[in-house]
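What follows is a single structure, written as structure tokens, with notes after it.
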Amino acid sequence: MERRVVLETKELKKNYYIGRKIVVPALRGINLKIYEGEFVAILGPSGSGKTTLLNMLGLLDRPTSGKIYIDGVDVSNLNDNQLSEIRLRKIGFVFQYYNLVPILTALENVELPMTLAGVPKKERIRRAKDLLKAVGLEKFMDHKPNELSGGQQQRVAIARALANNPSIVLADEPTGNLDTQTSKEIIALMKRINIENGTTFVIVTHDVEVAQEAGRILQIRDGLLYEVRT
């Protein structure tokens with residue numbers, strides 16, 4: 001049985017411009033396929049283009065040229081409202097600095113994407129509780145972010161990323177703000193969710209140890225992507 005492609009890019013390029021004449025190529029033609037249920041790491045140092053690539057994959061920025069497909073749909077020429085809708089329903093995000101809403105509890109932070117998606121209150125509360133329980137935070141549902149450790153905040157962020165059953169979860173340096181032991185716990189949690197639920201993960205990192213935990217490793221270097229381990 002052929003695996004479903006959940007995300008694909010074809011000749012993806014991104015240029016930045018300094019003034020009118022100087023062109024800085026960040027991505028030089030990325031061809032990438034991510035299959036359903038994969039756990040992929042994109043490894044690269046600062047300045048290699050990995051954050052630019054993640055912004056493209058997450059539809060947070062537009063490419064200079066090339067195509068992006070989410071679940072087989074070409075999203076390259078969609079308008080901002082259409083892109084927002086796809087981000088909300090198809091893509092989960094986990095960031096280095098968690099990006100939780102400080103005035104909301106853990107439960108309310110996980111509810112938020114479902115609120116935006118129009119999920120009825122009873123259903124979203126039930127699902128938010130189930131997700132927080134799944135990441136080991138059933139006793140911290142009423143805590144606000146400043147009452148949680150960094151690792152706990154990242155667990156809330158992972159639960160929030162899963163709220164709308166996305167096709168893919170994109171994680172930008174998800175362990176970059178955590179100590180070594182907590183980093184291992186967060187990656188282990190993501191791998192458990194990947195195995196148990198079949199959730200597709202793409203992790204962008206500069207940390208070789210984090211990348212080694214992935215099923216497939218890609219390296220980005222000077223705006224080009226290379227297979228390291230398939």
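Residues are referred to by chain and number: the chain letter is A, B, ... according to the order shown in the structure tokens, the number counts from 1 in that chain, and ligands are numbered separately from 1 in the order shown.
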Exercise. Which residues come within 6 Å of stretch 98-106 of chain A, counting only C-alpha atoms, excluding same-chain residues fewer than 2 positions away, as a PyMOL selection string?
Worked result: chain A and resi 95-96+108-109+141-145+154+157
Problem set entry | Shell of 6 Å around A:Ile217, only C-alpha atoms, local chain residues under 6 positions omitted, as a VMD selection string | chain A and resid 40 to 41 228 to 229
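Note that the spacing between atom CA of A:Asn194 and atom CA of A:Glu38 amounts to 7.6 Å.
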For this session: Write out as JSON, numbers by chain all residues of stretch 57-173 of chain A that DSSP puts in helix (DSSP H, G or I) for this structure's backbone.
Result: {"A": [57, 80, 81, 82, 83, 84, 85, 86, 87, 88, 89, 90, 106, 107, 108, 109, 110, 111, 112, 113, 114, 115, 116, 121, 122, 123, 124, 125, 126, 127, 128, 129, 130, 131, 132, 133, 134, 138, 139, 140, 145, 146, 147, 150, 151, 152, 153, 154, 155, 156, 157, 158, 159, 160, 161]}
Keeping C-alpha atoms, export the residues of the selection given above as a CSV table (one decimal), in the first residue's frame.
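Final output, again.csv:
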chain,number,residue,atom,x,y,z
A,57,LEU,CA,6.1,24.6,5.1
A,80,ASP,CA,-4.3,34.9,3.2
A,81,ASN,CA,-7.7,33.8,4.5
A,82,GLN,CA,-7.5,30.5,2.7
A,83,LEU,CA,-4.0,29.9,4.1
A,84,SER,CA,-5.1,30.8,7.6
A,85,GLU,CA,-7.9,28.2,7.3
A,86,ILE,CA,-5.4,25.5,6.2
A,87,ARG,CA,-3.0,26.4,9.0
A,88,LEU,CA,-5.8,26.1,11.5
A,89,ARG,CA,-7.1,22.7,10.4
A,90,LYS,CA,-4.1,20.9,8.8
A,106,ALA,CA,-3.2,25.3,30.1
A,107,LEU,CA,-6.7,24.0,29.3
A,108,GLU,CA,-7.8,27.2,27.7
A,109,ASN,CA,-4.5,27.3,25.6
A,110,VAL,CA,-5.2,23.9,24.3
A,111,GLU,CA,-8.9,24.8,23.6
A,112,LEU,CA,-7.9,27.9,21.6
A,113,PRO,CA,-7.3,26.3,18.2
A,114,MET,CA,-10.6,24.5,18.5
A,115,THR,CA,-12.4,27.7,19.5
A,116,LEU,CA,-11.1,29.3,16.3
A,121,LYS,CA,-17.6,24.1,23.8
A,122,LYS,CA,-18.4,20.8,25.4
A,123,GLU,CA,-16.5,18.9,22.7
A,124,ARG,CA,-13.4,21.1,22.9
A,125,ILE,CA,-13.2,20.9,26.7
A,126,ARG,CA,-13.4,17.2,26.6
A,127,ARG,CA,-10.7,17.0,23.9
A,128,ALA,CA,-8.4,19.5,25.6
A,129,LYS,CA,-8.6,17.5,28.8
A,130,ASP,CA,-7.8,14.3,26.9
A,131,LEU,CA,-4.8,15.9,25.2
A,132,LEU,CA,-3.4,17.3,28.5
A,133,LYS,CA,-3.8,13.9,30.1
A,134,ALA,CA,-2.0,12.4,27.1
A,138,GLU,CA,-3.9,16.3,34.0
A,139,LYS,CA,-3.1,17.8,37.3
A,140,PHE,CA,-2.0,21.2,35.8
A,145,PRO,CA,2.0,29.4,31.8
A,146,ASN,CA,4.0,31.3,34.4
A,147,GLU,CA,3.0,28.6,36.9
A,150,GLY,CA,9.6,25.1,30.6
A,151,GLY,CA,9.1,21.4,30.0
A,152,GLN,CA,5.5,21.6,31.1
A,153,GLN,CA,4.8,24.6,28.9
A,154,GLN,CA,6.2,22.7,25.9
A,155,ARG,CA,3.9,19.8,26.8
A,156,VAL,CA,1.0,22.2,26.7
A,157,ALA,CA,2.2,23.5,23.4
A,158,ILE,CA,2.4,20.0,22.0
A,159,ALA,CA,-1.2,19.3,23.2
A,160,ARG,CA,-2.3,22.5,21.6
A,161,ALA,CA,-0.6,21.6,18.3
Exercise. Looking at A:Met56, A:Ile18, A:Leu43, A:Leu189, which one is nearest to A:Ile30, with distances taken over only C-alpha atoms?
Worked result: A:Met56
Which of stretch 124-215 of chain A counts as strand (DSSP E) under DSSP, as a PDB file with C-alpha atoms, in the first residue's frame please?
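states06.pdb written:
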ATOM      1  CA  ILE A 168       1.316  17.398  10.210  1.00  0.00           C
ATOM      2  CA  VAL A 169       3.017  18.936  13.248  1.00  0.00           C
ATOM      3  CA  LEU A 170       5.924  21.310  12.595  1.00  0.00           C
ATOM      4  CA  ALA A 171       8.295  21.879  15.507  1.00  0.00           C
ATOM      5  CA  ASP A 172      10.844  24.719  15.396  1.00  0.00           C
ATOM      6  CA  PHE A 201       6.123  15.245  12.819  1.00  0.00           C
ATOM      7  CA  VAL A 202       8.763  17.445  11.183  1.00  0.00           C
ATOM      8  CA  ILE A 203      11.300  18.822  13.640  1.00  0.00           C
ATOM      9  CA  VAL A 204      13.732  21.571  12.675  1.00  0.00           C
ATOM     10  CA  THR A 205      16.799  21.564  14.909  1.00  0.00           C
TER      11      THR A 205
END
Problem set entry | Between atom CA of A:Gly37 and atom CA of A:Gly72, distance in Å (one decimal) | 15.6 Å
For this session: Measure the distance from atom CA of A:Thr52 to atom CA of A:Ile34 in Å and round it to one decimal.
Result: 17.2 Å
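Proximity ranking of A:Pro25, A:Glu36, A:Gly44, A:Arg3 relative to A:Pro63 places A:Pro25 first, based on only C-alpha atoms.
Residue nearest A:Ala211, chosen from A:Glu185, A:Asp179, A:Asp61, A:Glu173 and counting only C-alpha atoms: A:Glu173.
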For this session: For A:Glu227, work out the shell of residues within 9 Å, counting only C-alpha atoms and skipping chain neighbours fewer than 4 positions away, then give it as a PyMOL selection string.
Result: chain A and resi 216-220
